[in-house]
Amino acid sequence: MLRALFLALALAAAPGQVLSQPKLRVVATSADLKSLAEAVGGARIEVENLAAPEQDPHAVEVKPAQVARLRGAALLIRVGLDHEPWLSKLKLPPGVVVLNASQNVRLIQTQTPRLRVERRAHVHAYGNTHYWLDPANAVSITAAVRDALTKLSPQDARFFEANRDAFVDALTRKIEDWKKALAPFRGAKMVVVHDSWSYFAEAFGLQVVAAAEPHPGVPPSPAELAALFQRMREAGVKVVISDPHSNPSLVRQIAARTRAHPVTLSSSGHDYIRLFDDNVSRLIAALKQAGP
Amino acid sequence: MTELLLWPFVAGLVLTAVHAWFGLHVLARGVVFVDLSLAQVAALGLTVAILAGHGVQSEAGYWYALAFALGGAVLFALVRAFERSIQQEAVIGIVYAVSASLGVLVLDRAPQGAEHVKQLLIGSILTVTPEEVALLGALYACIGLVHAAFRRGLVEVSFDPQQAAARGRRVFVWDMVFYGSFALVVTSSVRIAGVLLVFAYLIVPAALAGLFTSGLGRRLLLAWTLGASLTAAGLYASWEWDLPTGPAIVSAFGAATALVGLGFALRRLSVRALGKVMLAATALAGLLLVAFPRMDQPWLDALESIAPPVQTVFLTEHERATRADMLESIGRAAAELARLRELEQDVRWGRREMDAEKAERMRQYIAGRSEISAGEQLVLRSLRDKARGRQRLMLGLPLLLVGAAGFYLVSVKGARGARRQG
């Protein structure tokens, strides 16, 4: 009975696929996931990202055209955890396959702040969400994307496999380059404005010691800031990392009071490998300027 | 403390000096929200500058914002002539809503600016630099001089426009001077202090001063005093209780307003009316406790934290022992966790050495211990809920009866007494 049903469904679906070979329509919530999906899907898919890389990923206002495109999509790739609270407001059409990219990566900072007994520098309830900033995680993300695409379009399985292998090869070589470039600064202590750089730091042997603005959008209190400055001066922190949307006045103040060198890194970009190229070279420039 | 709070305080003084003066004018003109509206127009100007490719902190951004705000000022000055046909407040509200929406539309084309504009509206008075304060002070000194030189005309047009017109003053020109300088002030202040704080500086001292004295000079002096002392109070609270600075100052202004309002209300209220309010509140609290014993009862929580027996007499011997155990364990854990967190921070910042494995063990211990503490808090909560179930009849019902009976007696007796007297 069940088999008959499947057969009927397969027969109904087959002619369209064989005749026109339309591109698979994929929607990714972030530009990085779009870049990774394109690396696997190549010309067989058409990807659109909902959040622009310059945008604060936690607060996105979705436009009607995007909702329409989401309706027509075969696959939605999302960062997951609680990174996109706005996504739950969109009613997903029942046919869309949702790939939660966080499912196969190793997460850090997963302890949950259950009762707010004390103020903690911790916003994310299910672990730090910026896991794509460890390039090694892209290996498992692209594997998940390959599997999802293969399920949707089995005849392209080999194509996806080859694309993904090529990407992982290129990425592995790049990771070695980045690690080599950052090796002289191993163990360097850095302060971040928002806690998006823990994965990146862990991947390259750097150390994020504190976040200046633990709750995004809520400015730190004077006592918190005073304690931070004190610690930074004592420990001789050389670099403070801000995001493009960080409060410039806060960054300036930290730099002025502690002699830490400010550097703005992007946590999201249209080209995954270029994103790391840029961030690594900018960070190295700042570390060099800050001196030994 | 002074290292971080000196310049925010000086900035607060500069803001008080100029905004209290403008606040008196704004209140006299009855255009309370003009400041929010102009600030929103200035923010729209800034977003257009971002769209045109200028940075948020760039000078071009400031000039765009100022140009837009001046445009708004011209509009408000023009509208005043037609006050009979359309209220100024209506125009101000429309300008606010439309420019806020236009700002969203523009930002949609330039997403990198969204966060910055939001930050602009929140402000960052804590991280103000001495240069910014000096620049602001110099600018406001100039504006102050201009206003002092032309004060007669400005005051007349704000406080008594009919007479000003009768005397042959050109109201539109004077309005232009007022709104023009106001646009300049708002654009510059909001950059540093944010919309909410600027609004508080503008309205609260001037409004409170109006309650206590008459005469422009005395009001201005009182407003300055209030503004300066409330700034100090807000900064102190922000330091002492670990609060974000701008919102803390705004809350200090709000608390002062509430206190003054309460004082005025109490002076008007007779003893009997006060008694009726208290008895009604008692009855309502009792009723809520009887009807919904599981809902949050903040007054009872507060009472129990001051006088624990209010809860413990409703617990059994065994429950009381559990409660004491939990409290002791939570207290011990809090002290231990604080110590370990400090140690963890020291290790993290490199002040103390610890090998990675031990550090990880400590991290896991901290996580586990705080989970246990959270569990203990839940036990306390369930004990409290048990007590609430018993308090429902033994405490809630008496409160309800006493409150209701008292209220009834006071009202009926009061009415009879009034009739007898009449």
# chains A, B, ... in the order shown; residues from 1 in each chain; ligands from 1
$ interface_residues --of "chain B" --to "chain A" --cutoff "8 Å" --atoms "only C-alpha atoms" --output "ChimeraX atom specification"
/B:1,4-5,111-116,119,124,126-129,238-240,242-245,348-351,367,371,374
$ residues_around --residues "range 406-415 of chain B" --least-positions-apart "6" --cutoff "7 Å" --atoms "only C-alpha atoms" --output "ChimeraX atom specification"
/B:276,279-280
$ residues_around --residues "Leu289 in chain B" --least-positions-apart "2" --cutoff "10 Å" --atoms "only C-alpha atoms" --output "short mmCIF file (atom, residue, chain, number, x, y, z; two decimals) with all heavy atoms, in the first residue's frame"
data_model
loop_
_atom_site.label_atom_id
_atom_site.label_comp_id
_atom_site.auth_asym_id
_atom_site.auth_seq_id
_atom_site.Cartn_x
_atom_site.Cartn_y
_atom_site.Cartn_z
N ALA B 283 -8.25 45.45 50.83
CA ALA B 283 -9.28 44.52 50.39
C ALA B 283 -8.91 43.88 49.06
O ALA B 283 -9.07 42.67 48.85
CB ALA B 283 -10.62 45.26 50.27
N LEU B 284 -8.37 44.70 48.14
CA LEU B 284 -8.00 44.18 46.82
C LEU B 284 -6.89 43.14 46.94
O LEU B 284 -6.95 42.07 46.31
CB LEU B 284 -7.55 45.33 45.92
CG LEU B 284 -7.18 44.93 44.51
CD1 LEU B 284 -8.42 44.44 43.77
CD2 LEU B 284 -6.53 46.08 43.75
N ALA B 285 -5.88 43.43 47.79
CA ALA B 285 -4.78 42.48 47.97
C ALA B 285 -5.32 41.17 48.53
O ALA B 285 -4.96 40.07 48.06
CB ALA B 285 -3.74 43.07 48.92
N GLY B 286 -6.23 41.26 49.53
CA GLY B 286 -6.82 40.05 50.11
C GLY B 286 -7.62 39.28 49.07
O GLY B 286 -7.50 38.05 48.95
N LEU B 287 -8.39 40.01 48.28
CA LEU B 287 -9.22 39.37 47.26
C LEU B 287 -8.36 38.61 46.25
O LEU B 287 -8.64 37.46 45.90
CB LEU B 287 -10.05 40.44 46.53
CG LEU B 287 -10.96 39.91 45.43
CD1 LEU B 287 -12.05 39.04 46.03
CD2 LEU B 287 -11.57 41.06 44.65
N ALA B 291 -8.44 34.69 45.52
CA ALA B 291 -8.87 34.22 44.20
C ALA B 291 -7.74 33.52 43.45
O ALA B 291 -7.94 32.48 42.84
CB ALA B 291 -9.42 35.40 43.40
N PHE B 292 -6.55 34.11 43.46
CA PHE B 292 -5.43 33.55 42.68
C PHE B 292 -4.20 33.39 43.56
O PHE B 292 -3.24 34.16 43.43
CB PHE B 292 -5.09 34.46 41.50
CG PHE B 292 -6.26 34.89 40.69
CD1 PHE B 292 -6.73 36.19 40.77
CD2 PHE B 292 -6.89 34.00 39.84
CE1 PHE B 292 -7.81 36.59 40.02
CE2 PHE B 292 -7.98 34.39 39.09
CZ PHE B 292 -8.45 35.69 39.17
N PRO B 293 -4.19 32.40 44.47
CA PRO B 293 -3.05 32.30 45.40
C PRO B 293 -1.72 32.05 44.68
O PRO B 293 -0.67 32.38 45.20
CB PRO B 293 -3.43 31.12 46.29
CG PRO B 293 -4.47 30.37 45.54
CD PRO B 293 -5.19 31.36 44.70
N ARG B 294 -1.78 31.48 43.45
CA ARG B 294 -0.52 31.15 42.75
C ARG B 294 0.04 32.31 41.95
O ARG B 294 1.13 32.21 41.41
CB ARG B 294 -0.75 29.97 41.79
CG ARG B 294 -0.97 28.66 42.48
CD ARG B 294 0.30 28.19 43.15
NE ARG B 294 0.05 27.16 44.13
CZ ARG B 294 0.02 25.87 43.86
NH1 ARG B 294 0.23 25.46 42.64
NH2 ARG B 294 -0.22 25.00 44.81
N MET B 295 -0.72 33.38 41.80
CA MET B 295 -0.18 34.48 40.99
C MET B 295 0.92 35.21 41.76
O MET B 295 1.08 35.02 42.97
CB MET B 295 -1.28 35.45 40.58
CG MET B 295 -1.63 36.49 41.62
SD MET B 295 -2.85 37.66 40.96
CE MET B 295 -2.14 39.21 41.46
N ASP B 296 1.72 36.04 41.06
CA ASP B 296 2.76 36.80 41.74
C ASP B 296 2.12 37.80 42.69
O ASP B 296 1.24 38.55 42.29
CB ASP B 296 3.60 37.57 40.70
CG ASP B 296 4.48 36.63 39.91
OD1 ASP B 296 4.60 35.47 40.34
OD2 ASP B 296 5.02 37.05 38.88
N GLN B 297 2.55 37.76 43.95
CA GLN B 297 2.05 38.73 44.92
C GLN B 297 3.26 39.51 45.43
O GLN B 297 3.78 39.21 46.50
CB GLN B 297 1.37 38.01 46.10
CG GLN B 297 0.49 36.85 45.72
CD GLN B 297 -0.96 37.27 45.51
OE1 GLN B 297 -1.29 38.44 45.61
NE2 GLN B 297 -1.81 36.32 45.21
N LEU B 300 3.45 40.59 49.06
CA LEU B 300 3.64 39.52 50.04
C LEU B 300 5.09 39.03 50.00
O LEU B 300 5.69 38.75 51.04
CB LEU B 300 2.68 38.37 49.72
CG LEU B 300 2.48 37.31 50.80
CD1 LEU B 300 2.19 37.95 52.14
CD2 LEU B 300 1.34 36.38 50.42
N ARG B 388 1.49 29.70 50.20
CA ARG B 388 0.45 30.56 49.61
C ARG B 388 -0.92 29.89 49.69
O ARG B 388 -1.92 30.53 49.97
CB ARG B 388 0.77 30.87 48.15
CG ARG B 388 1.85 31.89 47.93
CD ARG B 388 1.40 33.29 48.27
NE ARG B 388 2.51 34.07 48.80
CZ ARG B 388 3.40 34.71 48.06
NH1 ARG B 388 3.28 34.70 46.77
NH2 ARG B 388 4.39 35.37 48.62
N GLY B 389 -0.93 28.56 49.45
CA GLY B 389 -2.19 27.84 49.50
C GLY B 389 -2.84 27.95 50.88
O GLY B 389 -4.06 28.03 51.00
N GLN B 391 -1.97 30.46 53.11
CA GLN B 391 -2.19 31.88 53.39
C GLN B 391 -3.52 32.35 52.79
O GLN B 391 -4.14 33.28 53.27
CB GLN B 391 -1.05 32.72 52.79
CG GLN B 391 0.21 32.70 53.62
CD GLN B 391 1.42 33.17 52.81
OE1 GLN B 391 1.41 33.10 51.58
NE2 GLN B 391 2.44 33.65 53.50
N ARG B 392 -3.91 31.67 51.74
CA ARG B 392 -5.11 32.05 51.00
C ARG B 392 -6.29 32.33 51.93
O ARG B 392 -6.91 33.39 51.87
CB ARG B 392 -5.45 30.89 50.05
CG ARG B 392 -6.63 31.13 49.17
CD ARG B 392 -6.87 29.90 48.35
NE ARG B 392 -7.77 30.19 47.26
CZ ARG B 392 -8.13 29.31 46.36
NH1 ARG B 392 -7.63 28.10 46.39
NH2 ARG B 392 -8.97 29.64 45.41
N LEU B 393 -6.58 31.35 52.80
CA LEU B 393 -7.73 31.53 53.69
C LEU B 393 -7.34 32.22 55.00
O LEU B 393 -8.09 33.03 55.52
CB LEU B 393 -8.37 30.18 53.99
CG LEU B 393 -9.04 29.54 52.77
CD1 LEU B 393 -9.69 28.24 53.14
CD2 LEU B 393 -10.04 30.50 52.15
N LEU B 395 -4.85 34.30 55.60
CA LEU B 395 -4.35 35.67 55.50
C LEU B 395 -5.22 36.48 54.53
O LEU B 395 -5.62 37.61 54.83
CB LEU B 395 -2.90 35.65 55.02
CG LEU B 395 -2.13 36.96 55.08
CD1 LEU B 395 -1.98 37.43 56.52
CD2 LEU B 395 -0.75 36.82 54.44
N GLY B 396 -5.51 35.87 53.38
CA GLY B 396 -6.25 36.59 52.35
C GLY B 396 -7.65 36.96 52.79
O GLY B 396 -8.09 38.10 52.61
N LEU B 397 -8.36 35.98 53.37
CA LEU B 397 -9.74 36.22 53.77
C LEU B 397 -9.85 37.33 54.82
O LEU B 397 -10.65 38.26 54.65
CB LEU B 397 -10.36 34.91 54.28
CG LEU B 397 -11.86 34.78 54.06
CD1 LEU B 397 -12.21 35.00 52.59
CD2 LEU B 397 -12.34 33.41 54.52
N LEU B 399 -7.79 39.77 55.40
CA LEU B 399 -7.45 41.05 54.75
C LEU B 399 -8.65 41.57 53.97
O LEU B 399 -9.01 42.75 54.05
CB LEU B 399 -6.26 40.86 53.80
CG LEU B 399 -4.88 40.85 54.43
CD1 LEU B 399 -3.82 40.63 53.35
CD2 LEU B 399 -4.60 42.17 55.14
N LEU B 400 -9.27 40.67 53.20
CA LEU B 400 -10.42 41.05 52.39
C LEU B 400 -11.54 41.60 53.27
O LEU B 400 -12.10 42.66 53.01
CB LEU B 400 -10.89 39.84 51.58
CG LEU B 400 -12.17 40.03 50.78
CD1 LEU B 400 -12.01 41.14 49.76
CD2 LEU B 400 -12.56 38.75 50.06
#
$ residues_around --residues "Glu84 in chain A" --least-positions-apart "2" --cutoff "7 Å" --atoms "only C-alpha atoms" --output "PyMOL selection string"
chain A and resi 57-58+80+82+86-87
$ write_last_selection --atoms "all heavy atoms" --output "CSV table (one decimal), in the first residue's frame"
chain,number,residue,atom,x,y,z
A,57,PRO,N,22.2,40.4,12.8
A,57,PRO,CA,21.5,39.2,12.4
A,57,PRO,C,20.3,38.9,13.4
A,57,PRO,O,19.4,38.1,13.1
A,57,PRO,CB,22.5,38.1,12.5
A,57,PRO,CG,23.6,38.6,13.4
A,57,PRO,CD,23.6,40.1,13.2
A,58,HIS,N,20.4,39.5,14.6
A,58,HIS,CA,19.3,39.2,15.6
A,58,HIS,C,18.1,39.9,15.3
A,58,HIS,O,17.0,39.6,15.7
A,58,HIS,CB,19.8,39.5,17.0
A,58,HIS,CG,21.0,38.7,17.4
A,58,HIS,ND1,21.1,37.4,17.3
A,58,HIS,CD2,22.2,39.1,17.8
A,58,HIS,CE1,22.3,37.0,17.7
A,58,HIS,NE2,23.0,38.0,18.0
A,80,GLY,N,20.2,28.5,13.1
A,80,GLY,CA,19.6,27.7,14.2
A,80,GLY,C,19.9,28.3,15.6
A,80,GLY,O,20.3,29.5,15.7
A,82,ASP,N,19.3,30.2,18.8
A,82,ASP,CA,18.4,31.3,18.9
A,82,ASP,C,18.9,32.5,18.1
A,82,ASP,O,18.8,33.6,18.5
A,82,ASP,CB,18.0,31.7,20.3
A,82,ASP,CG,19.3,31.9,21.1
A,82,ASP,OD1,20.4,31.8,20.6
A,82,ASP,OD2,19.1,32.2,22.3
A,86,TRP,N,13.5,36.2,14.6
A,86,TRP,CA,12.5,36.7,13.7
A,86,TRP,C,12.0,35.7,12.7
A,86,TRP,O,10.9,35.8,12.1
A,86,TRP,CB,13.1,37.9,12.8
A,86,TRP,CG,14.5,37.6,12.4
A,86,TRP,CD1,15.6,37.9,13.0
A,86,TRP,CD2,14.9,37.0,11.1
A,86,TRP,NE1,16.7,37.5,12.3
A,86,TRP,CE2,16.3,36.9,11.1
A,86,TRP,CE3,14.2,36.5,10.0
A,86,TRP,CZ2,17.0,36.4,10.1
A,86,TRP,CZ3,14.9,36.0,9.0
A,86,TRP,CH2,16.3,35.9,9.0
A,87,LEU,N,12.7,34.6,12.6
A,87,LEU,CA,12.3,33.5,11.6
A,87,LEU,C,11.0,32.8,12.1
A,87,LEU,O,10.2,32.4,11.3
A,87,LEU,CB,13.4,32.5,11.5
A,87,LEU,CG,13.4,31.6,10.3
A,87,LEU,CD1,13.4,32.4,9.0
A,87,LEU,CD2,14.5,30.6,10.3
$ select_by_dssp --residues "range 58-292 of chain A" --states "strand (DSSP E or B)" --output "list of chain:residue names"
A:Leu75, A:Leu76, A:Ile77, A:Arg78, A:Val97, A:Val98, A:Leu99, A:Asn100, A:Lys189, A:Met190, A:Val191, A:Val192, A:Gln207, A:Val208, A:Val209, A:Ala210, A:Ala211, A:Val239, A:Val240, A:Ile241, A:Ser242, A:His261, A:Pro262, A:Val263, A:Thr264
$ select_by_dssp --residues "range 225-272 of chain A" --states "alpha helix (DSSP H)" --output "list in words"
Leu225, Ala226, Ala227, Leu228, Phe229, Gln230, Arg231, Met232, Arg233, Glu234, Ala235, Pro248, Ser249, Leu250, Val251, Arg252, Gln253, Ile254, Ala255, Ala256, Arg257, Thr258 and Tyr272 of chain A
$ residues_around --residues "Tyr96 in chain B" --least-positions-apart "4" --cutoff "8 Å" --atoms "only C-alpha atoms" --output "list of chain:residue names"
B:Leu36, B:Ser37, B:Leu38, B:Gln40, B:Val41, B:Ile92, B:Ala100
$ residues_around --residues "Phe167 in chain A" --least-positions-apart "4" --cutoff "8 Å" --atoms "only C-alpha atoms" --output "list in words"
Ala39, Val40, Asn163 and Leu171 of chain A
$ residues_around --residues "Leu121 in chain B" --least-positions-apart "2" --cutoff "6 Å" --atoms "only C-alpha atoms" --output "ChimeraX atom specification"
/B:118-119,123,194-195
$ atom_distance --atom1 "CA of Asp108 in chain B" --atom2 "CA of Thr47 in chain B"
10.0 Å
$ closest_residue --among "B:Ala359, B:Ala248, B:Leu44, B:Val133" --to "Leu197 in chain B" --atoms "only C-alpha atoms"
B:Ala248
